[in-house]
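The structure file entry-v2.tsv is reproduced below (TSV, C-alpha atoms).
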```tsv
chain	number	residue	atom	x	y	z
A	1	THR	CA	100.55	21.75	93.66
A	2	PHE	CA	99.09	20.98	90.25
A	3	THR	CA	96.21	22.22	88.08
A	4	VAL	CA	93.57	20.18	86.27
A	5	GLU	CA	95.40	20.73	82.98
A	6	GLU	CA	98.67	19.46	84.43
A	7	ALA	CA	96.91	16.42	85.89
A	8	VAL	CA	95.29	15.61	82.54
A	9	GLU	CA	98.66	15.80	80.80
A	10	THR	CA	100.27	13.60	83.45
A	11	ILE	CA	97.51	10.98	83.34
A	12	GLY	CA	97.68	10.86	79.55
A	13	PHE	CA	95.46	8.93	77.18
A	14	GLY	CA	94.13	5.50	78.11
A	15	ARG	CA	91.19	3.17	78.69
A	16	PHE	CA	89.03	5.81	80.32
A	17	HIS	CA	89.28	8.05	77.28
A	18	ILE	CA	88.40	5.22	74.91
A	19	MET	CA	85.29	4.46	76.98
A	20	LEU	CA	84.37	8.15	77.06
A	21	PHE	CA	84.98	8.45	73.33
A	22	LEU	CA	82.66	5.55	72.55
A	23	ILE	CA	79.85	6.71	74.85
A	24	MET	CA	80.01	10.41	73.99
A	25	GLY	CA	80.62	9.61	70.33
A	26	SER	CA	77.44	7.56	70.36
A	27	THR	CA	75.52	10.72	71.18
A	28	GLY	CA	76.35	11.69	67.60
A	29	VAL	CA	74.57	8.54	66.38
A	30	ALA	CA	71.43	9.41	68.34
A	31	GLU	CA	71.57	13.06	67.25
A	32	ALA	CA	72.04	12.23	63.57
A	33	MET	CA	69.17	9.75	63.62
A	34	GLU	CA	66.78	12.30	65.13
A	35	ILE	CA	67.82	15.06	62.73
A	36	MET	CA	67.86	12.90	59.58
A	37	LEU	CA	64.57	11.27	60.55
A	38	ILE	CA	62.54	14.08	58.97
A	39	ALA	CA	64.19	13.58	55.59
A	40	VAL	CA	63.12	9.93	55.38
A	41	MET	CA	59.63	10.54	56.83
A	42	SER	CA	58.56	13.65	54.92
A	43	PRO	CA	57.02	11.89	51.88
A	44	LEU	CA	54.97	9.65	54.15
A	45	ILE	CA	53.51	12.35	56.40
A	46	GLN	CA	52.85	14.50	53.33
A	47	CYS	CA	50.77	11.70	51.86
A	48	GLU	CA	49.01	10.76	55.12
A	49	TRP	CA	47.96	14.29	56.06
A	50	GLN	CA	47.72	15.71	52.52
A	51	LEU	CA	50.29	18.42	53.21
A	52	GLN	CA	51.56	21.10	50.89
A	53	ASP	CA	55.29	21.42	50.29
A	54	TRP	CA	55.66	24.42	52.61
A	55	GLN	CA	54.01	22.48	55.42
A	56	VAL	CA	56.50	19.66	55.02
A	57	ALA	CA	59.36	22.15	54.99
A	58	LEU	CA	57.99	23.78	58.14
A	59	VAL	CA	58.59	20.56	60.08
A	60	THR	CA	62.33	20.72	59.43
A	61	THR	CA	62.35	24.45	60.10
A	62	MET	CA	60.71	23.99	63.50
A	63	VAL	CA	63.13	21.21	64.47
A	64	PHE	CA	66.05	23.56	63.94
A	65	PHE	CA	64.17	26.46	65.53
A	66	GLY	CA	63.84	24.36	68.68
A	67	TYR	CA	67.52	23.43	68.32
A	68	MET	CA	68.52	27.10	68.07
A	69	VAL	CA	66.48	28.33	71.05
A	70	PHE	CA	67.40	25.48	73.38
A	71	SER	CA	71.09	25.63	72.41
A	72	ILE	CA	71.24	29.04	74.05
A	73	VAL	CA	69.15	28.05	77.07
A	74	LEU	CA	70.88	24.73	77.72
A	75	GLY	CA	74.30	26.26	77.19
A	76	LEU	CA	73.63	28.83	79.91
A	77	LEU	CA	72.20	26.16	82.23
A	78	ALA	CA	75.21	23.90	81.63
A	79	ASP	CA	77.58	26.68	82.66
A	80	ARG	CA	75.61	27.08	85.87
A	81	TYR	CA	74.63	23.53	86.83
A	82	GLY	CA	77.19	21.39	85.00
A	83	ARG	CA	77.30	19.67	81.64
A	84	TRP	CA	76.54	16.19	82.92
A	85	LYS	CA	73.16	17.17	84.36
A	86	ILE	CA	72.13	19.07	81.23
A	87	LEU	CA	73.30	16.24	78.97
A	88	LEU	CA	71.20	13.74	80.90
A	89	LEU	CA	68.21	16.10	80.88
A	90	SER	CA	68.53	16.66	77.13
A	91	PHE	CA	68.51	12.92	76.38
A	92	LEU	CA	65.49	12.34	78.61
A	93	TRP	CA	63.75	15.30	76.95
A	94	ALA	CA	64.56	14.21	73.38
A	95	ALA	CA	63.59	10.56	73.96
A	96	TYR	CA	60.31	11.52	75.66
A	97	PHE	CA	59.15	13.91	72.96
A	98	SER	CA	60.41	11.68	70.16
A	99	LEU	CA	58.28	8.81	71.45
A	100	LEU	CA	55.31	11.17	71.81
A	101	THR	CA	55.78	12.19	68.17
A	102	SER	CA	55.08	8.64	67.08
A	103	PHE	CA	51.57	9.03	68.53
A	104	ALA	CA	50.92	12.49	67.04
A	105	PRO	CA	47.22	12.63	66.03
A	106	SER	CA	47.60	15.59	63.67
A	107	TYR	CA	50.06	17.69	61.71
A	108	ILE	CA	50.03	20.54	64.27
A	109	TRP	CA	50.90	18.16	67.10
A	110	PHE	CA	53.62	16.58	64.95
A	111	VAL	CA	55.27	19.95	64.26
A	112	PHE	CA	55.15	20.98	67.92
A	113	LEU	CA	56.56	17.69	69.20
A	114	ARG	CA	59.39	17.62	66.65
A	115	ALA	CA	60.32	21.18	67.70
A	116	MET	CA	60.57	19.87	71.27
A	117	VAL	CA	62.77	17.00	70.03
A	118	GLY	CA	65.01	19.57	68.34
A	119	GLY	CA	65.29	21.36	71.67
A	120	GLY	CA	66.39	18.15	73.39
A	121	VAL	CA	68.89	17.27	70.67
A	122	ALA	CA	70.46	20.71	71.12
A	123	GLY	CA	71.65	19.58	74.53
A	124	HIS	CA	73.60	16.70	73.02
A	125	ALA	CA	76.30	19.23	72.18
A	126	GLN	CA	77.10	19.30	75.90
A	127	GLY	CA	78.37	15.73	75.47
A	128	GLU	CA	80.84	16.87	72.85
A	129	GLU	CA	81.92	19.76	75.06
A	130	ASN	CA	82.26	17.50	78.10
A	131	LYS	CA	84.32	15.01	76.07
A	132	GLN	CA	86.71	17.72	74.92
A	133	ILE	CA	86.96	19.31	78.36
A	134	ILE	CA	87.81	15.96	80.00
A	135	VAL	CA	90.14	14.46	77.42
A	136	VAL	CA	91.94	17.44	75.96
A	137	CYS	CA	95.63	16.75	76.12
A	138	SER	CA	98.42	16.78	73.56
A	139	CYS	CA	97.93	13.07	72.86
A	140	SER	CA	94.22	13.06	72.07
A	141	ASN	CA	93.61	15.62	69.32
A	142	SER	CA	93.67	13.14	66.45
A	143	PHE	CA	91.42	10.76	68.38
A	144	LEU	CA	88.81	13.47	69.01
A	145	SER	CA	88.53	14.21	65.31
A	146	LEU	CA	87.37	10.63	64.69
A	147	GLY	CA	84.17	11.46	66.60
A	148	LYS	CA	82.58	12.79	63.41
A	149	VAL	CA	82.37	9.20	62.18
A	150	PHE	CA	79.54	8.60	64.64
A	151	TRP	CA	77.32	11.23	62.99
A	152	LEU	CA	77.88	9.59	59.61
A	153	ALA	CA	77.08	6.20	61.12
A	154	GLY	CA	73.81	7.53	62.55
A	155	SER	CA	72.82	9.03	59.21
A	156	LEU	CA	73.49	5.79	57.37
A	157	LEU	CA	71.68	3.78	60.04
A	158	ILE	CA	68.45	5.80	59.89
A	159	ILE	CA	68.40	5.66	56.08
A	160	GLY	CA	68.89	1.89	56.17
A	161	LEU	CA	66.19	1.47	58.81
A	162	ALA	CA	63.78	3.64	56.85
A	163	SER	CA	64.19	1.51	53.74
A	164	VAL	CA	63.04	-1.51	55.75
A	165	VAL	CA	60.61	-0.09	58.32
A	166	ASN	CA	58.70	2.53	56.31
A	167	PRO	CA	57.29	0.14	53.68
A	168	THR	CA	56.38	-2.52	56.26
A	169	ILE	CA	55.24	-1.23	59.65
A	170	GLY	CA	55.22	2.51	58.93
A	171	TRP	CA	56.86	5.78	59.93
A	172	ARG	CA	55.50	5.78	63.48
A	173	TRP	CA	57.49	2.65	64.27
A	174	LEU	CA	60.53	4.18	62.61
A	175	ILE	CA	60.39	7.03	65.14
A	176	ARG	CA	60.13	4.57	68.03
A	177	ILE	CA	63.07	2.53	66.78
A	178	ALA	CA	65.12	5.69	66.21
A	179	SER	CA	64.57	6.61	69.88
A	180	ILE	CA	66.29	3.46	71.12
A	181	PRO	CA	69.94	4.68	70.88
A	182	GLY	CA	69.12	7.76	72.94
A	183	ILE	CA	67.34	5.69	75.58
A	184	LEU	CA	70.25	3.23	75.80
A	185	LEU	CA	72.72	6.07	76.26
A	186	ILE	CA	70.77	7.31	79.28
A	187	LEU	CA	71.55	4.00	80.97
A	188	VAL	CA	75.33	4.38	80.59
A	189	PHE	CA	75.62	8.01	81.68
A	190	LYS	CA	76.54	6.87	85.19
A	191	PHE	CA	79.97	5.98	83.80
A	192	ILE	CA	80.57	9.56	82.66
A	193	PRO	CA	81.88	12.02	85.28
A	194	GLU	CA	81.26	15.72	85.46
A	195	SER	CA	84.12	17.75	84.04
A	196	ALA	CA	86.88	18.34	86.58
A	197	ARG	CA	87.34	21.81	85.12
A	198	TYR	CA	83.70	22.61	85.80
A	199	ASN	CA	83.99	21.39	89.39
A	200	VAL	CA	87.08	23.52	89.93
A	201	SER	CA	85.32	26.57	88.47
A	202	THR	CA	82.54	26.14	91.04
A	203	GLY	CA	84.97	25.59	93.92
A	204	ASN	CA	84.16	21.89	94.29
A	205	MET	CA	87.78	20.77	94.54
A	206	GLY	CA	86.91	17.44	96.16
A	207	ALA	CA	84.73	16.34	93.23
A	208	ALA	CA	87.35	17.51	90.73
A	209	LEU	CA	90.08	15.53	92.49
A	210	ALA	CA	87.84	12.45	92.67
A	211	THR	CA	87.24	12.63	88.92
A	212	LEU	CA	90.95	12.90	88.17
A	213	GLN	CA	91.76	10.01	90.52
A	214	ARG	CA	89.09	7.87	88.83
A	215	ILE	CA	90.58	8.59	85.40
A	216	ALA	CA	94.11	7.86	86.62
A	217	LYS	CA	93.04	4.57	88.22
A	218	MET	CA	91.24	3.40	85.08
A	219	ASN	CA	94.24	4.33	82.94
A	220	GLY	CA	96.57	2.55	85.35
A	221	VAL	CA	98.79	5.56	86.07
A	222	ALA	CA	99.67	7.60	89.14
A	223	MET	CA	98.31	11.03	89.92
A	224	PRO	CA	100.78	13.93	89.98
A	225	GLU	CA	102.23	14.67	93.40
A	226	GLY	CA	100.92	17.54	95.49
A	227	GLU	CA	97.53	19.12	95.98
A	228	LEU	CA	95.04	20.24	93.34
A	229	ARG	CA	94.95	24.01	93.23
A	230	GLU	CA	92.41	26.37	91.75
A	231	PRO	CA	93.69	28.48	88.84
A	232	ALA	CA	93.58	32.25	89.02
A	233	LYS	CA	90.11	33.68	88.49
A	234	GLU	CA	89.48	35.07	85.02
A	235	ARG	CA	86.67	37.28	83.82
A	236	ARG	CA	83.95	35.23	82.15
A	237	GLY	CA	83.39	35.82	78.47
A	238	ARG	CA	80.37	37.80	77.33
A	239	PHE	CA	78.50	37.84	74.06
A	240	LYS	CA	79.70	41.32	73.18
A	241	ASP	CA	83.29	40.02	73.33
A	242	LEU	CA	82.54	38.28	70.02
A	243	MET	CA	82.06	41.72	68.46
A	244	HIS	CA	85.40	43.01	69.75
A	245	PRO	CA	87.67	44.12	66.87
A	246	LYS	CA	90.15	41.42	67.89
A	247	TYR	CA	87.60	38.63	67.31
A	248	LEU	CA	85.04	40.17	64.92
A	249	ARG	CA	86.53	38.76	61.72
A	250	THR	CA	86.77	35.24	63.18
A	251	THR	CA	83.24	35.50	64.60
A	252	LEU	CA	81.73	36.46	61.24
A	253	GLN	CA	83.70	33.79	59.39
A	254	ILE	CA	82.50	31.06	61.76
A	255	TRP	CA	78.89	32.24	61.56
A	256	ILE	CA	79.00	32.22	57.75
A	257	ILE	CA	80.60	28.77	57.63
A	258	TRP	CA	77.95	27.32	59.95
```
For this file, write the structure as structure tokens.
Amino acid sequence: TFTVEEAVETIGFGRFHIMLFLIMGSTGVAEAMEIMLIAVMSPLIQCEWQLQDWQVALVTTMVFFGYMVFSIVLGLLADRYGRWKILLLSFLWAAYFSLLTSFAPSYIWFVFLRAMVGGGVAGHAQGEENKQIIVVCSCSNSFLSLGKVFWLAGSLLIIGLASVVNPTIGWRWLIRIASIPGILLILVFKFIPESARYNVSTGNMGAALATLQRIAKMNGVAMPEGELREPAKERRGRFKDLMHPKYLRTTLQIWIIW
């Protein structure tokens, strides 16, 4: 018999992981563009709707408020229904509300719709989690760290677009153009499998094995011999575990850093 972890180590790093890295890394481009969008639009909406400084700041605040609330909700849903489904839902959600924002008739509508966009973008983190769950092996750690380049690329891209689009056709078109990467990613999600670890955790051994076989075939290597077995059941973590004396110092340090 073999476990998912042993299969991943045997399969190693190959073409499948490069494809996954490029697609899931591109979620960072879409996320950065949506988050940085407010920074390059704020002066324009302030002028158009005669906003005070606190009203402009409230837009950014509400984006991250939506991000915070939906991070918790989507994280719980992903544990229950799978990361792939929630990732797809989050991209559909973010693209839909982002496009609606470009038609916002008033400041109040704009704030509400951007908060909804923030909620959708929060689900993009499931792509990062799915990428790490699928590709984690001793050979891929340095490759995973390169994923941060995509966020930087998205930030630079939206700033460059804003310098061209804002003075010519306006901020509403900038929002529409910034939605394109997210929409394109929806079309390639069919190439991304659900995590084999998630399928094993839900008892769906057939789907987990199919995912591993697909990865092995694309990488051009053989699967390990034997049958896929389910690891021993472990108690699921709970929020209060973060407050345990063993983890409290690390928990507080991470919270402060973020």
Can you measure atom CA of Ala208 of chain A to atom CA of Ser26 of chain A for me? One decimal in Å is fine.
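Between atom CA of Ala208 of chain A and atom CA of Ser26 of chain A the gap is 24.7 Å.
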Pick from A:Glu6, A:Arg172, A:Trp84, A:Ala32: nearest to Ile159 of chain A, with all atoms listed in the file counted?
A:Ala32
Using all atoms listed in the file: which of A:Gln55, A:Ser106, A:Asn219, A:Thr3 has the shortest distance to Ser42 of chain A:
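Among A:Gln55, A:Ser106, A:Asn219, A:Thr3, it is A:Gln55 that comes nearest to Ser42 of chain A.
Here atom CA of Gly14 of chain A is placed at a distance of 29.3 Å from atom CA of Leu156 of chain A.
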Given the point (94.6, 11.1, 83.3) in the coordinates of this file, which residues lie within 6 Å, counting all atoms listed in the file, and how would they look as an NGL selection string?
:A and (8 or 11-12 or 215-216)
Polymer residues at most 12 Å from Arg80 of chain A, only C-alpha atoms, same-chain spacing of 6 or more positions, as a list of chain:residue names:
A:Val73, A:Leu74, A:Ile86, A:Tyr198, A:Asn199, A:Ser201, A:Thr202
Keeping C-alpha atoms, export the residues of the selection given above as a PDB file, in the coordinates of the input.
```pdb
ATOM      1  CA  VAL A  73      69.150  28.050  77.070  1.00  0.00           C
ATOM      2  CA  LEU A  74      70.880  24.730  77.720  1.00  0.00           C
ATOM      3  CA  ILE A  86      72.130  19.070  81.230  1.00  0.00           C
ATOM      4  CA  TYR A 198      83.700  22.610  85.800  1.00  0.00           C
ATOM      5  CA  ASN A 199      83.990  21.390  89.390  1.00  0.00           C
ATOM      6  CA  SER A 201      85.320  26.570  88.470  1.00  0.00           C
ATOM      7  CA  THR A 202      82.540  26.140  91.040  1.00  0.00           C
TER       8      THR A 202
END
```
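If only C-alpha atoms are the atoms counted, then among A:Pro245, A:Gly118, A:Pro193, A:Gly154 the closest residue to Thr60 of chain A is A:Gly118.
You can rank A:Tyr67, A:Trp171, A:Trp258, A:Arg176 by their closest distance to Tyr96 of chain A using only C-alpha atoms, and at the top of that list sits A:Arg176.
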Report, in Å to a single decimal, how far apart atom CA of Gly25 of chain A and atom CA of Gly147 of chain A are.
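We find that atom CA of Gly147 of chain A and atom CA of Gly25 of chain A lie 5.5 Å from each other.
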Using only C-alpha atoms for the distances, tell me which of A:Ile254, A:Glu225, A:Ala94, A:Thr61 is nearest to Leu242 of chain A.
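That would be A:Ile254, the residue with the smallest distance to Leu242 of chain A.
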Contacts of segment 43-47 of chain A at 10 Å (all atoms listed in the file; same-chain gap of 2+ positions) as a PyMOL selection string
chain A and resi 38-41+49-53+55-56+106-107+110+166-167+170-172
Write a file of the just-selected residues containing C-alpha atoms, as a short mmCIF file (atom, residue, chain, number, x, y, z; two decimals), keeping the file's coordinate frame.
```
data_model
loop_
_atom_site.label_atom_id
_atom_site.label_comp_id
_atom_site.auth_asym_id
_atom_site.auth_seq_id
_atom_site.Cartn_x
_atom_site.Cartn_y
_atom_site.Cartn_z
CA ILE A 38 62.54 14.08 58.97
CA ALA A 39 64.19 13.58 55.59
CA VAL A 40 63.12 9.93 55.38
CA MET A 41 59.63 10.54 56.83
CA TRP A 49 47.96 14.29 56.06
CA GLN A 50 47.72 15.71 52.52
CA LEU A 51 50.29 18.42 53.21
CA GLN A 52 51.56 21.10 50.89
CA ASP A 53 55.29 21.42 50.29
CA GLN A 55 54.01 22.48 55.42
CA VAL A 56 56.50 19.66 55.02
CA SER A 106 47.60 15.59 63.67
CA TYR A 107 50.06 17.69 61.71
CA PHE A 110 53.62 16.58 64.95
CA ASN A 166 58.70 2.53 56.31
CA PRO A 167 57.29 0.14 53.68
CA GLY A 170 55.22 2.51 58.93
CA TRP A 171 56.86 5.78 59.93
CA ARG A 172 55.50 5.78 63.48
#
```
If I only have part of segment 184-201 of chain A, can you fill in N, CA and C atoms and write it as a compact mmCIF listing (two decimals), keeping the file's coordinate frame?
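Output saved as rebuild_20.txt:
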```txt
# COMPACT_ATOMS: atom_id res chain seq x y z
N LEU A 184 69.15 4.07 75.32
CA LEU A 184 70.25 3.23 75.80
C LEU A 184 71.39 4.06 76.38
N LEU A 185 71.64 5.21 75.77
CA LEU A 185 72.72 6.07 76.26
C LEU A 185 72.42 6.60 77.66
N ILE A 186 71.14 6.84 77.95
CA ILE A 186 70.77 7.31 79.28
C ILE A 186 71.24 6.33 80.35
N LEU A 187 71.20 5.04 80.01
CA LEU A 187 71.55 4.00 80.97
C LEU A 187 73.06 3.93 81.27
N VAL A 188 73.88 4.46 80.37
CA VAL A 188 75.33 4.38 80.59
C VAL A 188 75.93 5.70 81.05
N PHE A 189 75.09 6.71 81.26
CA PHE A 189 75.62 8.01 81.68
C PHE A 189 76.27 7.97 83.06
N LYS A 190 75.94 6.96 83.86
CA LYS A 190 76.54 6.87 85.19
C LYS A 190 78.06 6.66 85.12
N PHE A 191 78.54 6.21 83.96
CA PHE A 191 79.97 5.98 83.80
C PHE A 191 80.72 7.27 83.41
N ILE A 192 79.96 8.33 83.11
CA ILE A 192 80.57 9.56 82.66
C ILE A 192 80.61 10.57 83.80
N PRO A 193 81.79 11.06 84.17
CA PRO A 193 81.88 12.02 85.28
C PRO A 193 81.62 13.44 84.81
N GLU A 194 81.31 14.30 85.75
CA GLU A 194 81.26 15.72 85.46
C GLU A 194 82.68 16.20 85.18
N SER A 195 82.81 17.21 84.37
CA SER A 195 84.12 17.75 84.04
C SER A 195 84.83 18.27 85.29
N ALA A 196 86.09 17.86 85.44
CA ALA A 196 86.88 18.34 86.58
C ALA A 196 87.08 19.85 86.49
N ARG A 197 87.18 20.36 85.28
CA ARG A 197 87.34 21.81 85.12
C ARG A 197 86.11 22.56 85.60
N TYR A 198 84.93 21.97 85.33
CA TYR A 198 83.70 22.61 85.80
C TYR A 198 83.67 22.61 87.33
N ASN A 199 84.01 21.47 87.93
CA ASN A 199 83.99 21.39 89.39
C ASN A 199 84.96 22.38 90.02
N VAL A 200 86.12 22.55 89.41
CA VAL A 200 87.08 23.52 89.93
C VAL A 200 86.52 24.93 89.81
N SER A 201 85.86 25.23 88.69
CA SER A 201 85.32 26.57 88.47
C SER A 201 84.24 26.93 89.48
```
